[in-house]
Amino acid sequence: MKYDKLVLVLNCGSSSLKFSIIDTVEKKVYLSGLAERLYLKDTRLIWSTSHSSKKNIILFNKEIDHNEILKIIKKEILFKNKELFNRIGVIGHRVVHGGRYIKKTTIIDKKVISHIHEASIFSPLHNPINLLGINFSLENFPKLYKRNVAVFDTSFFYSMKEKSYLYAIPYSLYNDYGIRKYGAHGTSHKYVCMKASTFLKKPFSNINIISCHLGNGSSISAIKNGICVDTSMGLTPLEGLVMGTRSGDIDPSIIFFMYEKLHYTIKEINELLINKSGLLGLSQSTSDFRDLELNYYSDERAKLAIDIFCFRLRKYISSYFSLMDGELDGIVFTGGIGENSSLVREKSLKNLSWFGNIFVDYKKNNNSFKKNDNLIIDISKNSNVPILVIPTDEEFAIAKESFSLFF
Ligand code: AMP
């Protein structure tokens, strides 16, 4: 059978689902959509196609789960754009955790499914939902059965050496159970590095970047010669920077204190560290960075949360300088916060000039950018190291990786 070259991307998150139909050769998005507020009473589905400027919206007055929304997307969107649907030759799925065994983008078969299932222990909020999308696709699009591809957030980090991925706990925990640093956001870090390599006119295999993906989840990676040498997320996406609702780095003794002295259950501690900490926990008001920024000068706690976010980021950026052996081609900011918050970029890079002439141009930094997929902005001034703001595009990156396995 001859397959056409469009890629359907399914990115199933814990409470949202993004989908698109992309031509990676022409770099064209034919259709893209988002289902958000799943499992809440006001789920909504928004999508648009390239041949019309109209934004289509369906508002639901009831809770919708992933399976139901996938059925609606198939019937109301994919099948109603039959001509486009028939040109899909590959389906790319985002999968958060590849676990011990899957190290690269892979065509999905039963063995891959069982490995993704097994890795759910390290990513209980995401892998089961990712699998749900995969199973739906296998059952509902039989002509493309053997053309489903899993793209893992962890793949980019398998290049790390033992010295960065091992924790200083008994080696047997790694050997017997795979306890190690796996990282996350790999698709985004790799994508913005590729963009940076084009922008800086330096081959990807020679590019040296510190990449900051700052959004609801945040992580930072040190990339040397196109290969990740360290990253802030760990066994799970809980380690590292301060995040919207996740704590990032803490002393593990805090967990014992909560368990033994405060009598929290393990489940409650898990919930506290994943959903009630980070910016939300510190500010006691919201996990939304934009809202905190609006209140930076009027609300002490909002200021504190942002200051701690930037302080931790600064510490990581500074420590990653030391991993670059004096060769740094750029610092990249991406993600909802990285792309939009001039305050974060300024605070995290302030007074770093002694590291090698790193200067932010405050005027360029403060210009609010119109989000445009092709726009990369260098906000540095008289700096040895370019400071780049690069919009990430995980869907496009997933499409490209998936496409590359067949064409
Ligand atoms: P993401 O997870 O990449 O979608 O990023 C979401 C985060 O980006 C949220 O905390 C938003 O409040 C934040 N964000 C989005 N737009 C802005 C903006 N213009 N200024 C500051 N933060 C923003």
# chains A, B, ... in the order shown; residues from 1 in each chain; ligands from 1

call {"tool": "residues_near_ligand", "arguments": {"ligand": "ligand 1", "cutoff": "10 Å", "atoms": "only C-alpha atoms and all ligand atoms", "output": "PyMOL selection string"}}
result
chain A and resi 213-218+243-245+279+286-294+334-344+368-369+391-392

call {"tool": "residues_around", "arguments": {"residues": "A:Arg94", "least_positions_apart": "3", "cutoff": "12 Å", "atoms": "only C-alpha atoms", "output": "MDAnalysis selection string"}}
result
chainID A and resid 8:13 17:19 91 97:98 105:106 108 116 126:134 148:155 184:188 394:399 401:402

call {"tool": "closest_residue", "arguments": {"among": "A:Asn382, A:Gln284, A:Asn225, A:Ser232", "to": "A:Pro203", "atoms": "only C-alpha atoms"}}
result
A:Asn225

call {"tool": "select_by_dssp", "arguments": {"residues": "stretch 260-354 of chain A", "states": "alpha helix (DSSP H)", "output": "MDAnalysis selection string"}}
result
chainID A and resid 260 266:275 278:283 289:294 300:321 335:340 342:349

call {"tool": "select_by_dssp", "arguments": {"residues": "stretch 64-127 of chain A", "states": "strand (DSSP E)", "output": "list in words"}}
result
Ile88, Gly89, Val90, Ile91, Gly92, His93, Arg94, Val95, Thr106 and Ile107 of chain A

call {"tool": "write_last_selection", "arguments": {"atoms": "N, CA, C and O atoms", "output": "short mmCIF file (atom, residue, chain, number, x, y, z; two decimals), in the first residue's frame"}}
result
data_model
loop_
_atom_site.label_atom_id
_atom_site.label_comp_id
_atom_site.auth_asym_id
_atom_site.auth_seq_id
_atom_site.Cartn_x
_atom_site.Cartn_y
_atom_site.Cartn_z
N ILE A 88 -3.22 10.93 5.67
CA ILE A 88 -2.35 10.64 6.82
C ILE A 88 -1.62 9.32 6.58
O ILE A 88 -2.24 8.30 6.26
N GLY A 89 -0.30 9.36 6.72
CA GLY A 89 0.49 8.13 6.50
C GLY A 89 1.16 7.62 7.77
O GLY A 89 1.67 6.51 7.81
N VAL A 90 1.17 8.46 8.80
CA VAL A 90 1.84 8.08 10.06
C VAL A 90 1.07 8.73 11.21
O VAL A 90 0.56 9.84 11.07
N ILE A 91 1.00 8.03 12.34
CA ILE A 91 0.43 8.65 13.55
C ILE A 91 1.52 8.70 14.61
O ILE A 91 2.10 7.67 14.96
N GLY A 92 1.82 9.90 15.09
CA GLY A 92 2.87 10.07 16.10
C GLY A 92 2.26 10.34 17.46
O GLY A 92 1.38 11.20 17.58
N HIS A 93 2.70 9.59 18.47
CA HIS A 93 2.16 9.76 19.82
C HIS A 93 3.24 10.26 20.75
O HIS A 93 4.35 9.71 20.77
N ARG A 94 2.89 11.24 21.56
CA ARG A 94 3.83 11.65 22.60
C ARG A 94 3.72 10.67 23.76
O ARG A 94 2.63 10.35 24.23
N VAL A 95 4.86 10.17 24.21
CA VAL A 95 4.88 9.32 25.41
C VAL A 95 5.90 9.92 26.37
O VAL A 95 7.02 10.24 25.98
N THR A 106 10.11 5.00 18.31
CA THR A 106 9.92 3.60 17.95
C THR A 106 8.55 3.36 17.32
O THR A 106 7.56 3.94 17.77
N ILE A 107 8.50 2.47 16.33
CA ILE A 107 7.20 2.04 15.80
C ILE A 107 6.53 1.18 16.87
O ILE A 107 7.18 0.33 17.49
#
